[in-house]
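Shown next: data-v7.pdb, given as PDB, C-alpha atoms.
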ATOM      1  CA  MET E   1       7.837 -12.355   9.559  1.00  0.00           C
ATOM      2  CA  ASN E   2       6.911  -9.460   7.276  1.00  0.00           C
ATOM      3  CA  ASN E   3       9.366  -6.613   7.872  1.00  0.00           C
ATOM      4  CA  VAL E   4       8.299  -4.439   4.926  1.00  0.00           C
ATOM      5  CA  ARG E   5       8.025  -0.835   6.049  1.00  0.00           C
ATOM      6  CA  THR E   6       4.561   0.678   5.927  1.00  0.00           C
ATOM      7  CA  VAL E   7       3.456   4.076   4.662  1.00  0.00           C
ATOM      8  CA  SER E   8       2.799   4.975   8.287  1.00  0.00           C
ATOM      9  CA  ASP E   9       6.416   4.084   9.176  1.00  0.00           C
ATOM     10  CA  THR E  10       7.700   6.293   6.381  1.00  0.00           C
ATOM     11  CA  LYS E  11       5.532   9.262   7.349  1.00  0.00           C
ATOM     12  CA  LYS E  12       6.542   8.917  10.988  1.00  0.00           C
ATOM     13  CA  THR E  13      10.225   8.917  10.022  1.00  0.00           C
ATOM     14  CA  PHE E  14       9.738  11.974   7.813  1.00  0.00           C
ATOM     15  CA  TYR E  15       8.100  14.052  10.541  1.00  0.00           C
ATOM     16  CA  THR E  16      10.815  12.976  12.956  1.00  0.00           C
ATOM     17  CA  LEU E  17      13.481  14.237  10.567  1.00  0.00           C
ATOM     18  CA  HIS E  18      11.714  17.436   9.493  1.00  0.00           C
ATOM     19  CA  THR E  19      10.089  18.883  12.580  1.00  0.00           C
ATOM     20  CA  ARG E  20       9.073  22.313  11.293  1.00  0.00           C
ATOM     21  CA  PRO E  21       5.443  22.724  10.140  1.00  0.00           C
ATOM     22  CA  ILE E  22       4.851  22.440   6.401  1.00  0.00           C
ATOM     23  CA  ASN E  23       2.761  25.132   4.747  1.00  0.00           C
ATOM     24  CA  THR E  24      -0.740  23.761   4.150  1.00  0.00           C
ATOM     25  CA  ILE E  25      -0.795  24.243   0.390  1.00  0.00           C
ATOM     26  CA  TYR E  26       2.389  22.162   0.024  1.00  0.00           C
ATOM     27  CA  ARG E  27       1.653  19.405   2.545  1.00  0.00           C
ATOM     28  CA  ARG E  28      -0.306  17.301   0.063  1.00  0.00           C
ATOM     29  CA  VAL E  29       2.501  17.597  -2.502  1.00  0.00           C
ATOM     30  CA  VAL E  30       5.081  16.413   0.021  1.00  0.00           C
ATOM     31  CA  GLU E  31       3.018  13.497   1.284  1.00  0.00           C
ATOM     32  CA  GLU E  32       1.948  12.308  -2.175  1.00  0.00           C
ATOM     33  CA  LEU E  33       5.555  12.310  -3.416  1.00  0.00           C
ATOM     34  CA  MET E  34       6.726  10.526  -0.276  1.00  0.00           C
ATOM     35  CA  VAL E  35       3.997   7.867  -0.506  1.00  0.00           C
ATOM     36  CA  GLU E  36       4.692   7.296  -4.203  1.00  0.00           C
ATOM     37  CA  MET E  37       8.408   6.835  -3.519  1.00  0.00           C
ATOM     38  CA  HIS E  38       7.617   4.532  -0.589  1.00  0.00           C
ATOM     39  CA  LEU E  39       5.310   2.280  -2.619  1.00  0.00           C
ATOM     40  CA  LEU E  40       7.933   1.986  -5.348  1.00  0.00           C
ATOM     41  CA  SER E  41      10.744   1.268  -2.878  1.00  0.00           C
ATOM     42  CA  VAL E  42       8.901  -1.733  -1.390  1.00  0.00           C
ATOM     43  CA  ASN E  43       7.875  -3.134  -4.796  1.00  0.00           C
ATOM     44  CA  VAL E  44       9.940  -6.205  -5.734  1.00  0.00           C
ATOM     45  CA  ASP E  45      10.118  -5.156  -9.392  1.00  0.00           C
ATOM     46  CA  PHE E  46      11.348  -1.642  -8.696  1.00  0.00           C
ATOM     47  CA  SER E  47      14.935  -0.716  -9.442  1.00  0.00           C
ATOM     48  CA  TYR E  48      16.495   2.716  -8.955  1.00  0.00           C
ATOM     49  CA  ASP E  49      17.822   4.466 -12.065  1.00  0.00           C
ATOM     50  CA  GLY E  50      18.958   7.965 -12.970  1.00  0.00           C
ATOM     51  CA  ILE E  51      15.834   8.849 -14.966  1.00  0.00           C
ATOM     52  CA  TYR E  52      13.649   8.016 -11.978  1.00  0.00           C
ATOM     53  CA  ALA E  53      15.943  10.137  -9.785  1.00  0.00           C
ATOM     54  CA  LEU E  54      15.593  13.049 -12.208  1.00  0.00           C
ATOM     55  CA  GLY E  55      11.824  12.618 -12.057  1.00  0.00           C
ATOM     56  CA  VAL E  56      11.842  12.784  -8.261  1.00  0.00           C
ATOM     57  CA  VAL E  57      14.063  15.863  -8.161  1.00  0.00           C
ATOM     58  CA  THR E  58      12.136  17.618 -10.938  1.00  0.00           C
ATOM     59  CA  THR E  59       8.789  16.923  -9.272  1.00  0.00           C
ATOM     60  CA  PHE E  60      10.003  18.215  -5.935  1.00  0.00           C
ATOM     61  CA  ASP E  61      11.711  21.315  -7.311  1.00  0.00           C
ATOM     62  CA  ARG E  62       8.811  22.291  -9.580  1.00  0.00           C
ATOM     63  CA  PHE E  63       6.050  21.846  -7.032  1.00  0.00           C
ATOM     64  CA  MET E  64       8.018  23.278  -4.114  1.00  0.00           C
ATOM     65  CA  ALA E  65       9.246  26.357  -5.987  1.00  0.00           C
ATOM     66  CA  GLY E  66       8.485  29.432  -3.940  1.00  0.00           C
ATOM     67  CA  TYR E  67       8.138  27.537  -0.667  1.00  0.00           C
ATOM     68  CA  GLN E  68       8.784  29.700   2.371  1.00  0.00           C
ATOM     69  CA  PRO E  69      10.943  29.655   4.351  1.00  0.00           C
ATOM     70  CA  GLU E  70      13.188  28.842   1.422  1.00  0.00           C
ATOM     71  CA  GLN E  71      15.837  27.192   3.593  1.00  0.00           C
ATOM     72  CA  ASP E  72      13.312  24.495   4.541  1.00  0.00           C
ATOM     73  CA  GLN E  73      13.099  23.186   0.986  1.00  0.00           C
ATOM     74  CA  GLU E  74      16.277  21.116   1.135  1.00  0.00           C
ATOM     75  CA  SER E  75      15.470  19.908   4.642  1.00  0.00           C
ATOM     76  CA  ILE E  76      12.121  18.601   3.371  1.00  0.00           C
ATOM     77  CA  PHE E  77      13.727  16.922   0.345  1.00  0.00           C
ATOM     78  CA  GLN E  78      16.335  15.209   2.458  1.00  0.00           C
ATOM     79  CA  ALA E  79      13.730  14.071   4.969  1.00  0.00           C
ATOM     80  CA  ILE E  80      11.607  12.547   2.168  1.00  0.00           C
ATOM     81  CA  CYS E  81      14.573  10.586   0.808  1.00  0.00           C
ATOM     82  CA  HIS E  82      15.761   9.403   4.211  1.00  0.00           C
ATOM     83  CA  ALA E  83      12.203   8.425   5.151  1.00  0.00           C
ATOM     84  CA  VAL E  84      12.141   5.977   2.218  1.00  0.00           C
ATOM     85  CA  GLU E  85      15.703   4.888   3.100  1.00  0.00           C
ATOM     86  CA  GLN E  86      17.317   6.538   0.097  1.00  0.00           C
ATOM     87  CA  ASP E  87      20.325   8.859  -0.274  1.00  0.00           C
ATOM     88  CA  PRO E  88      19.226  12.404  -1.226  1.00  0.00           C
ATOM     89  CA  GLN E  89      22.740  13.240  -2.429  1.00  0.00           C
ATOM     90  CA  ARG E  90      22.599  10.382  -4.920  1.00  0.00           C
ATOM     91  CA  TYR E  91      19.308  11.681  -6.294  1.00  0.00           C
ATOM     92  CA  ARG E  92      20.645  15.210  -6.660  1.00  0.00           C
ATOM     93  CA  GLN E  93      23.906  14.091  -8.266  1.00  0.00           C
ATOM     94  CA  ASP E  94      22.282  11.732 -10.772  1.00  0.00           C
ATOM     95  CA  ALA E  95      19.660  14.337 -11.669  1.00  0.00           C
ATOM     96  CA  SER E  96      22.320  17.020 -12.212  1.00  0.00           C
ATOM     97  CA  ARG E  97      24.414  14.665 -14.346  1.00  0.00           C
ATOM     98  CA  LEU E  98      21.519  13.771 -16.631  1.00  0.00           C
ATOM     99  CA  LYS E  99      20.369  17.378 -16.946  1.00  0.00           C
ATOM    100  CA  ALA E 100      23.889  18.393 -17.990  1.00  0.00           C
ATOM    101  CA  LEU E 101      23.985  15.578 -20.529  1.00  0.00           C
ATOM    102  CA  ALA E 102      20.603  16.499 -22.030  1.00  0.00           C
ATOM    103  CA  ALA E 103      21.555  20.173 -22.258  1.00  0.00           C
ATOM    104  CA  ASN E 104      24.460  19.219 -24.517  1.00  0.00           C
ATOM    105  CA  VAL E 105      22.685  16.750 -26.799  1.00  0.00           C
ATOM    106  CA  PRO E 106      20.408  17.842 -29.690  1.00  0.00           C
ATOM    107  CA  VAL E 107      16.848  16.772 -28.893  1.00  0.00           C
ATOM    108  CA  GLU E 108      16.623  14.574 -32.018  1.00  0.00           C
ATOM    109  CA  ASP E 109      19.753  12.661 -30.931  1.00  0.00           C
ATOM    110  CA  LEU E 110      18.396  12.394 -27.403  1.00  0.00           C
ATOM    111  CA  ILE E 111      15.120  10.901 -28.621  1.00  0.00           C
ATOM    112  CA  VAL E 112      16.769   8.190 -30.727  1.00  0.00           C
ATOM    113  CA  GLY E 113      19.159   7.497 -27.865  1.00  0.00           C
ATOM    114  CA  LEU E 114      16.424   7.149 -25.260  1.00  0.00           C
ATOM    115  CA  SER E 115      14.434   4.944 -27.633  1.00  0.00           C
ATOM    116  CA  GLN E 116      17.532   2.756 -28.180  1.00  0.00           C
ATOM    117  CA  VAL E 117      17.624   3.316 -31.928  1.00  0.00           C
ATOM    118  CA  THR E 118      21.217   4.447 -31.408  1.00  0.00           C
ATOM    119  CA  LEU E 119      23.537   4.315 -28.411  1.00  0.00           C
ATOM    120  CA  LEU E 120      23.837   7.207 -25.956  1.00  0.00           C
ATOM    121  CA  ASN E 121      27.618   7.126 -25.825  1.00  0.00           C
ATOM    122  CA  GLN E 122      27.807  10.327 -23.772  1.00  0.00           C
ATOM    123  CA  ASP E 123      26.881   8.463 -20.573  1.00  0.00           C
ATOM    124  CA  ALA E 124      27.746   4.771 -20.256  1.00  0.00           C
ATOM    125  CA  ASP E 125      25.770   4.385 -17.031  1.00  0.00           C
ATOM    126  CA  LEU E 126      22.591   5.791 -18.574  1.00  0.00           C
ATOM    127  CA  GLN E 127      23.079   3.602 -21.643  1.00  0.00           C
ATOM    128  CA  ARG E 128      23.317   0.475 -19.471  1.00  0.00           C
ATOM    129  CA  GLN E 129      20.176   1.494 -17.590  1.00  0.00           C
ATOM    130  CA  LEU E 130      18.231   2.071 -20.819  1.00  0.00           C
ATOM    131  CA  GLU E 131      19.296  -1.323 -22.168  1.00  0.00           C
ATOM    132  CA  ALA E 132      18.257  -2.983 -18.915  1.00  0.00           C
ATOM    133  CA  ILE E 133      14.851  -1.248 -18.969  1.00  0.00           C
ATOM    134  CA  ALA E 134      14.171  -2.241 -22.584  1.00  0.00           C
ATOM    135  CA  ALA E 135      15.131  -5.854 -21.857  1.00  0.00           C
ATOM    136  CA  ASN E 136      13.191  -6.162 -18.587  1.00  0.00           C
ATOM    137  CA  SER E 137       9.606  -7.317 -19.132  1.00  0.00           C
ATOM    138  CA  ASN E 138       8.949  -6.711 -15.420  1.00  0.00           C
ATOM    139  CA  PHE E 139      10.320  -3.174 -15.376  1.00  0.00           C
ATOM    140  CA  LYS E 140       8.393  -1.180 -12.784  1.00  0.00           C
ATOM    141  CA  TYR E 141       7.253   1.882 -14.695  1.00  0.00           C
ATOM    142  CA  SER E 142       6.227   4.912 -12.631  1.00  0.00           C
ATOM    143  CA  ARG E 143       4.904   8.423 -13.098  1.00  0.00           C
ATOM    144  CA  LEU E 144       8.196   9.705 -11.685  1.00  0.00           C
ATOM    145  CA  PHE E 145      10.118   7.842 -14.390  1.00  0.00           C
ATOM    146  CA  ALA E 146       7.885   9.491 -17.008  1.00  0.00           C
ATOM    147  CA  ILE E 147       8.605  12.919 -15.514  1.00  0.00           C
ATOM    148  CA  GLY E 148      12.320  12.120 -15.689  1.00  0.00           C
ATOM    149  CA  LEU E 149      12.018  11.411 -19.427  1.00  0.00           C
ATOM    150  CA  PHE E 150      10.074  14.640 -19.917  1.00  0.00           C
ATOM    151  CA  ALA E 151      12.704  16.576 -17.946  1.00  0.00           C
ATOM    152  CA  LEU E 152      15.440  15.258 -20.252  1.00  0.00           C
ATOM    153  CA  LEU E 153      13.563  16.438 -23.342  1.00  0.00           C
ATOM    154  CA  SER E 154      12.830  19.795 -21.713  1.00  0.00           C
ATOM    155  CA  GLU E 155      16.456  20.301 -20.775  1.00  0.00           C
ATOM    156  CA  SER E 156      17.592  19.469 -24.301  1.00  0.00           C
ATOM    157  CA  ASP E 157      15.107  21.762 -26.058  1.00  0.00           C
ATOM    158  CA  PRO E 158      12.523  23.702 -23.999  1.00  0.00           C
ATOM    159  CA  GLU E 159      10.735  24.900 -27.140  1.00  0.00           C
ATOM    160  CA  PHE E 160      10.440  21.391 -28.576  1.00  0.00           C
ATOM    161  CA  VAL E 161       8.303  20.110 -25.691  1.00  0.00           C
ATOM    162  CA  LYS E 162       5.902  23.055 -26.011  1.00  0.00           C
ATOM    163  CA  ASP E 163       4.753  21.691 -29.365  1.00  0.00           C
ATOM    164  CA  ASP E 164       2.070  19.107 -28.569  1.00  0.00           C
ATOM    165  CA  THR E 165       2.527  17.143 -31.783  1.00  0.00           C
ATOM    166  CA  GLN E 166       6.323  16.962 -31.579  1.00  0.00           C
ATOM    167  CA  ARG E 167       6.256  16.084 -27.893  1.00  0.00           C
ATOM    168  CA  THR E 168       3.671  13.348 -28.323  1.00  0.00           C
ATOM    169  CA  GLU E 169       5.511  11.747 -31.244  1.00  0.00           C
ATOM    170  CA  ALA E 170       8.776  11.825 -29.301  1.00  0.00           C
ATOM    171  CA  LEU E 171       7.156  10.167 -26.286  1.00  0.00           C
ATOM    172  CA  LYS E 172       5.626   7.479 -28.496  1.00  0.00           C
ATOM    173  CA  THR E 173       9.037   6.761 -30.034  1.00  0.00           C
ATOM    174  CA  ILE E 174      10.685   6.512 -26.640  1.00  0.00           C
ATOM    175  CA  ALA E 175       7.872   4.351 -25.225  1.00  0.00           C
ATOM    176  CA  LYS E 176       8.154   1.942 -28.156  1.00  0.00           C
ATOM    177  CA  GLY E 177      11.921   1.669 -27.818  1.00  0.00           C
ATOM    178  CA  LEU E 178      11.801   1.016 -24.063  1.00  0.00           C
ATOM    179  CA  HIS E 179       8.715  -1.253 -24.311  1.00  0.00           C
ATOM    180  CA  LEU E 180       6.552   1.039 -22.198  1.00  0.00           C
ATOM    181  CA  SER E 181       2.864   1.829 -22.551  1.00  0.00           C
ATOM    182  CA  GLU E 182       2.719   4.989 -24.668  1.00  0.00           C
ATOM    183  CA  ASP E 183      -0.825   5.734 -23.470  1.00  0.00           C
ATOM    184  CA  LYS E 184       0.227   5.534 -19.838  1.00  0.00           C
ATOM    185  CA  LEU E 185       3.330   7.635 -20.453  1.00  0.00           C
ATOM    186  CA  ILE E 186       1.435  10.391 -22.265  1.00  0.00           C
ATOM    187  CA  LYS E 187      -1.488  10.443 -19.806  1.00  0.00           C
ATOM    188  CA  ASP E 188       0.855  10.620 -16.794  1.00  0.00           C
ATOM    189  CA  LEU E 189       2.668  13.601 -18.290  1.00  0.00           C
ATOM    190  CA  GLU E 190      -0.588  15.326 -19.178  1.00  0.00           C
ATOM    191  CA  LEU E 191      -1.688  14.919 -15.558  1.00  0.00           C
ATOM    192  CA  TYR E 192       1.700  16.207 -14.359  1.00  0.00           C
ATOM    193  CA  SER E 193       1.360  19.355 -16.489  1.00  0.00           C
ATOM    194  CA  SER E 194      -2.228  19.835 -15.346  1.00  0.00           C
ATOM    195  CA  ASN E 195      -1.239  19.535 -11.697  1.00  0.00           C
ATOM    196  CA  LEU E 196       1.558  22.075 -12.155  1.00  0.00           C
ATOM    197  CA  GLU E 197      -0.968  24.531 -13.575  1.00  0.00           C
ATOM    198  CA  LYS E 198      -3.372  23.892 -10.680  1.00  0.00           C
ATOM    199  CA  MET E 199      -0.554  24.435  -8.197  1.00  0.00           C
ATOM    200  CA  ALA E 200       0.401  27.717  -9.860  1.00  0.00           C
ATOM    201  CA  GLN E 201      -3.227  28.863  -9.741  1.00  0.00           C
ATOM    202  CA  ALA E 202      -3.547  27.861  -6.086  1.00  0.00           C
ATOM    203  CA  LEU E 203      -0.434  29.873  -5.229  1.00  0.00           C
ATOM    204  CA  ILE E 204      -1.854  32.930  -7.017  1.00  0.00           C
ATOM    205  CA  VAL E 205      -5.102  32.613  -5.053  1.00  0.00           C
ATOM    206  CA  MET E 206      -3.159  32.207  -1.808  1.00  0.00           C
ATOM    207  CA  ALA E 207      -1.048  35.277  -2.600  1.00  0.00           C
ATOM    208  CA  ASP E 208      -4.205  37.298  -3.300  1.00  0.00           C
ATOM    209  CA  ILE E 209      -5.733  36.198   0.006  1.00  0.00           C
ATOM    210  CA  LEU E 210      -2.598  37.086   1.938  1.00  0.00           C
ATOM    211  CA  SER E 211      -2.397  40.464   0.198  1.00  0.00           C
ATOM    212  CA  ALA E 212      -6.055  41.215   1.034  1.00  0.00           C
ATOM    213  CA  ASP E 213      -5.460  40.219   4.663  1.00  0.00           C
ATOM    214  CA  ARG E 214      -2.447  42.541   4.871  1.00  0.00           C
ATOM    215  CA  LYS E 215      -4.499  45.436   3.472  1.00  0.00           C
ATOM    216  CA  LYS E 216      -7.249  44.823   6.019  1.00  0.00           C
ATOM    217  CA  ARG E 217      -4.728  44.743   8.867  1.00  0.00           C
ATOM    218  CA  ASP E 218      -3.125  47.950   7.623  1.00  0.00           C
ATOM    219  CA  GLN E 219      -6.526  49.651   7.387  1.00  0.00           C
ATOM    220  CA  ARG E 220      -7.474  48.550  10.904  1.00  0.00           C
ATOM    221  CA  GLN E 221      -4.141  49.791  12.209  1.00  0.00           C
ATOM    222  CA  GLN E 222      -4.607  53.171  10.506  1.00  0.00           C
ATOM    223  CA  GLN E 223      -8.103  53.479  12.004  1.00  0.00           C
ATOM    224  CA  ALA E 224      -6.753  52.589  15.424  1.00  0.00           C
ATOM    225  CA  ASP E 225      -3.969  55.150  15.093  1.00  0.00           C
ATOM    226  CA  THR E 226      -6.490  57.828  14.072  1.00  0.00           C
ATOM    227  CA  THR E 227      -8.756  57.021  17.004  1.00  0.00           C
ATOM    228  CA  THR E 228      -5.975  57.167  19.567  1.00  0.00           C
ATOM    229  CA  ALA E 229      -4.232  60.263  18.144  1.00  0.00           C
ATOM    230  CA  PRO E 230      -4.420  63.264  20.552  1.00  0.00           C
ATOM    231  CA  SER E 231      -6.925  65.971  19.536  1.00  0.00           C
ATOM    232  CA  SER E 232      -5.724  69.510  18.955  1.00  0.00           C
ATOM    233  CA  ILE E 233      -7.274  72.056  21.398  1.00  0.00           C
ATOM    234  CA  ASN E 234      -7.820  75.616  20.271  1.00  0.00           C
ATOM    235  CA  GLU E 235      -7.373  77.979  23.173  1.00  0.00           C
TER     236      GLU E 235
END

Turn this file's structure into structure tokens for me.
Amino acid sequence: MNNVRTVSDTKKTFYTLHTRPINTIYRRVVEELMVEMHLLSVNVDFSYDGIYALGVVTTFDRFMAGYQPEQDQESIFQAICHAVEQDPQRYRQDASRLKALAANVPVEDLIVGLSQVTLLNQDADLQRQLEAIAANSNFKYSRLFAIGLFALLSESDPEFVKDDTQRTEALKTIAKGLHLSEDKLIKDLELYSSNLEKMAQALIVMADILSADRKKRDQRQQQADTTTAPSSINE
């Protein structure tokens, strides 16, 4: 009997756990992240690691920034993780640990460490995971893993990743060391950056629409107040 959970099962669980409506502009983000995590979780070659966790957390936090009501953000994140039968606290803790590590390692040292040219002695768990990835010919690469790598570089040196040439060379070095497809890695991160820009633009458009609607309502209210105001009578 095939007991593998379906995407439909995961979505149903999510909407059972988070019952408040999700703002339209964010619904696609939430469902795409959830489906991606689901498909990875049921893949026999997939194995959880801290870089993947950082990619999940970074993706969620970047795309959900500004979500209102703000208190719903963590509820949505937890519901996504529980829906794919994962521990949200583990994701948050591993992501925070790796961000702290990257912030305290020069980006050049981080690159050679991630590419396994030298050992990343600052975090034994991460080092073991990197060795396992490099040695595993069936490692299940994902876009979220790529975003995790990018987040590490960004945390180490935000200015470094803004330079297209430096960033691309670093990604190629890391891809070679971990035996990943450099083309896939670079293209996935280009798409990630492009989608972030589109999301930012969509939010600006939405804000403009809401502002225009508020102005129209205020104008209608002022007209209504003027119409109903009592006239002065000169005796």

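Under the PyMOL selection byres ((chain E and resi 87-89) around 12), the matching residues in the shown file are E:Tyr48, E:Ala53, E:Leu54, E:Val56, E:Val57, E:Phe60, E:Glu74, E:Ser75, E:Ile76, E:Phe77, E:Gln78, E:Ala79, E:Ile80, E:Cys81, E:His82, E:Ala83, E:Val84, E:Glu85, E:Gln86, E:Arg90, E:Tyr91, E:Arg92, E:Gln93, E:Asp94, E:Ala95, E:Ser96.
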
Legend entry - Evaluate the PyMOL selection byres ((chain E and resi 20-29) around 9) and report residues as a PyMOL selection string: chain E and resi 15+18-19+30-34+60+63-64+67-68+72+76+199+202-203+206

Legend entry - Computed interatomic separation between CA of Ala124 (chain E) and CA of Ala102 (chain E) (Å): 13.8 Å

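Take the PyMOL selection byres ((chain E and resi 41) around 12) and apply it to this file: it picks Val4, Arg5, Thr6, Val7, Thr10, Met34, Val35, Glu36, Met37, His38, Leu39, Leu40, Val42, Asn43, Val44, Asp45, Phe46, Ser47, Tyr48, Tyr52, Cys81, His82, Ala83, Val84, Glu85, Gln86, Lys140 and Ser142 of chain E.
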
Inset, instruction - Pick out the residues sitting within 8 Å of region 159-174 of chain E, and hand them over as a PyMOL selection string; count only C-alpha atoms, and ignore anything fewer than 6 positions along from it in its own chain. - result: chain E and resi 107+111-112+114-116+153+182+185-186

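Picture a line from CA of Asp188 (chain E) to CA of Ala146 (chain E); it runs 7.1 Å.
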
Inset, instruction - Between E:Gln221, E:Phe14, E:Asn3, E:Gly50, single out the one closest to Gln127 (chain E), counting all atoms listed in the file. - result: E:Gly50

Inset, instruction - Measure the distance from CA of Ile147 (chain E) to CA of Ile51 (chain E) in Å and round it to one decimal. - result: 8.3 Å
